[in-house]
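Note sheet for the following structure.
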Amino acid sequence: MPVPAAGLFIDGAGRAAADGATLGVLSPLDGSRLTTIADATAQDLDAACRSARSAFERGDWSRRSPVERKKVLLKMADLIEARALDLAVLGV
């Protein structure tokens with residue numbers, strides 16, 4: 001079952017790797033190619049880190065206490081665990 005090619009998601013937008021490189025994603029079942037994904041460069045990583053830092057500093061998350069952040073992250077973990085099988089199927 002082919003999956004659409006995936007780019008990088010940086011600063012709220014999808015884009016290709018800076019050098020245009022991609023990687024093939026293979027099915028663990030039969031080794032067939034499922035899709036291609038962007039192969040991020042160091043330049044892409046720097047852009048993603050700058051974007052994440054900026055979003056953190058502008059957003060509500062940076063103003064929350066460590067206790068509040070912990071509660072949110074534990075709730076996320078519970079939700080992921082509850083849907084683990086569904087998420088695993090999406091990953092194949």
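We label chains A, B, ... in the order they appear in the structure tokens, count residues from 1 in each chain, and number ligands from 1 in the order shown.
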Quick one: DSSP helix (DSSP H, G or I) residues in region 1-87 of chain A, as a short mmCIF file (atom, residue, chain, number, x, y, z; two decimals) with N, CA and C atoms, in the first residue's frame?
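Written out: out18.cif:
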data_model
loop_
_atom_site.label_atom_id
_atom_site.label_comp_id
_atom_site.auth_asym_id
_atom_site.auth_seq_id
_atom_site.Cartn_x
_atom_site.Cartn_y
_atom_site.Cartn_z
N ALA A 42 22.09 19.00 8.12
CA ALA A 42 22.42 19.79 9.31
C ALA A 42 21.75 21.16 9.23
N GLN A 43 21.68 21.72 8.03
CA GLN A 43 21.00 23.01 7.82
C GLN A 43 19.51 22.91 8.19
N ASP A 44 18.88 21.80 7.80
CA ASP A 44 17.47 21.58 8.14
C ASP A 44 17.30 21.45 9.65
N LEU A 45 18.20 20.73 10.28
CA LEU A 45 18.14 20.55 11.73
C LEU A 45 18.28 21.89 12.45
N ASP A 46 19.22 22.71 12.00
CA ASP A 46 19.38 24.04 12.60
C ASP A 46 18.10 24.87 12.45
N ALA A 47 17.48 24.81 11.27
CA ALA A 47 16.24 25.56 11.05
C ALA A 47 15.13 25.05 11.96
N ALA A 48 15.04 23.74 12.12
CA ALA A 48 14.01 23.16 12.99
C ALA A 48 14.24 23.56 14.45
N CYS A 49 15.49 23.56 14.88
CA CYS A 49 15.80 23.94 16.27
C CYS A 49 15.49 25.42 16.51
N ARG A 50 15.84 26.27 15.56
CA ARG A 50 15.51 27.70 15.69
C ARG A 50 14.00 27.91 15.76
N SER A 51 13.28 27.21 14.92
CA SER A 51 11.83 27.33 14.90
C SER A 51 11.22 26.84 16.21
N ALA A 52 11.71 25.71 16.70
CA ALA A 52 11.19 25.17 17.96
C ALA A 52 11.47 26.11 19.12
N ARG A 53 12.67 26.67 19.17
CA ARG A 53 13.02 27.60 20.25
C ARG A 53 12.13 28.84 20.20
N SER A 54 11.92 29.36 19.01
CA SER A 54 11.08 30.54 18.84
C SER A 54 9.63 30.25 19.26
N ALA A 55 9.11 29.11 18.84
CA ALA A 55 7.74 28.74 19.20
C ALA A 55 7.62 28.55 20.71
N PHE A 56 8.63 27.95 21.31
CA PHE A 56 8.62 27.75 22.77
C PHE A 56 8.58 29.08 23.49
N GLU A 57 9.43 30.00 23.08
CA GLU A 57 9.53 31.28 23.77
C GLU A 57 8.28 32.14 23.57
N ARG A 58 7.62 32.02 22.42
CA ARG A 58 6.40 32.80 22.14
C ARG A 58 5.16 32.19 22.77
N TRP A 61 3.46 27.23 26.52
CA TRP A 61 4.20 26.15 27.16
C TRP A 61 5.35 26.68 28.02
N SER A 62 6.05 27.69 27.54
CA SER A 62 7.20 28.22 28.28
C SER A 62 6.78 28.90 29.58
N ARG A 63 5.52 29.30 29.66
CA ARG A 63 5.04 29.96 30.88
C ARG A 63 4.40 28.99 31.87
N PRO A 66 6.85 23.51 35.75
CA PRO A 66 7.25 22.12 35.49
C PRO A 66 6.16 21.11 35.89
N VAL A 67 5.44 21.38 36.95
CA VAL A 67 4.37 20.47 37.39
C VAL A 67 3.26 20.41 36.34
N GLU A 68 2.89 21.57 35.79
CA GLU A 68 1.86 21.59 34.74
C GLU A 68 2.33 20.85 33.49
N ARG A 69 3.58 21.07 33.11
CA ARG A 69 4.12 20.37 31.93
C ARG A 69 4.11 18.87 32.15
N LYS A 70 4.49 18.46 33.36
CA LYS A 70 4.51 17.03 33.68
C LYS A 70 3.12 16.43 33.51
N LYS A 71 2.09 17.10 34.00
CA LYS A 71 0.72 16.59 33.87
C LYS A 71 0.33 16.42 32.41
N VAL A 72 0.66 17.40 31.59
CA VAL A 72 0.32 17.32 30.17
C VAL A 72 1.06 16.16 29.50
N LEU A 73 2.34 16.02 29.78
CA LEU A 73 3.13 14.96 29.16
C LEU A 73 2.67 13.57 29.62
N LEU A 74 2.32 13.44 30.89
CA LEU A 74 1.81 12.15 31.37
C LEU A 74 0.47 11.81 30.72
N LYS A 75 -0.38 12.81 30.51
CA LYS A 75 -1.65 12.58 29.82
C LYS A 75 -1.39 12.15 28.38
N MET A 76 -0.44 12.80 27.72
CA MET A 76 -0.08 12.40 26.35
C MET A 76 0.40 10.96 26.32
N ALA A 77 1.24 10.59 27.29
CA ALA A 77 1.75 9.22 27.35
C ALA A 77 0.61 8.23 27.53
N ASP A 78 -0.35 8.56 28.39
CA ASP A 78 -1.51 7.69 28.59
C ASP A 78 -2.31 7.52 27.29
N LEU A 79 -2.51 8.62 26.57
CA LEU A 79 -3.26 8.56 25.31
C LEU A 79 -2.52 7.73 24.26
N ILE A 80 -1.21 7.90 24.19
CA ILE A 80 -0.41 7.11 23.24
C ILE A 80 -0.48 5.63 23.60
N GLU A 81 -0.33 5.33 24.87
CA GLU A 81 -0.38 3.93 25.32
C GLU A 81 -1.74 3.31 25.02
N ALA A 82 -2.80 4.07 25.23
CA ALA A 82 -4.15 3.55 24.99
C ALA A 82 -4.39 3.26 23.51
N ALA A 84 -1.83 2.44 21.31
CA ALA A 84 -0.56 1.90 20.81
C ALA A 84 -0.75 1.01 19.58
N LEU A 85 -1.74 0.15 19.60
CA LEU A 85 -1.96 -0.74 18.45
C LEU A 85 -2.32 0.05 17.21
N ASP A 86 -3.22 1.02 17.36
CA ASP A 86 -3.59 1.86 16.21
C ASP A 86 -2.37 2.60 15.65
N LEU A 87 -1.53 3.11 16.54
CA LEU A 87 -0.33 3.83 16.10
C LEU A 87 0.66 2.89 15.43
#
If you count only C-alpha atoms, which residues fall within 6 Å of Val25 (chain A), apart from same-chain ones fewer than 4 positions away, as a PyMOL selection string?
chain A and resi 33-36
Since we have the selection now, will you write its residues out, keeping N, CA and C atoms, as a compact mmCIF listing (two decimals), in the first residue's frame?
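Writing the result to result.txt gives the following:
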# COMPACT_ATOMS: atom_id res chain seq x y z
N ARG A 33 9.12 -0.90 -1.39
CA ARG A 33 9.18 0.52 -1.04
C ARG A 33 7.77 1.03 -0.78
N LEU A 34 7.58 1.62 0.41
CA LEU A 34 6.28 2.18 0.77
C LEU A 34 6.16 3.63 0.36
N THR A 35 7.25 4.38 0.57
CA THR A 35 7.23 5.81 0.28
C THR A 35 8.65 6.34 0.32
N THR A 36 8.78 7.62 0.13
CA THR A 36 10.06 8.29 0.35
C THR A 36 9.83 9.41 1.35
Just want the 6 Å neighbourhood of Asp39 (chain A), counted on only C-alpha atoms, with same-chain residues fewer than 4 positions away dropped. Output as a list in words.
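In the requested form, the answer reads Ala17, Ala21, Thr22 and Leu23 of chain A.
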Write out as a list in words all residues of region 6-63 of chain A that DSSP puts in strand (DSSP E) for this structure's backbone.
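Answer for region 6-63 of chain A, restricted to strand (DSSP E): Leu8, Phe9, Ile10, Ala13, Gly14, Arg15, Thr22, Leu23, Gly24, Val25, Leu26, Arg33, Leu34, Thr35, Thr36, Ile37 and Ala38 of chain A.
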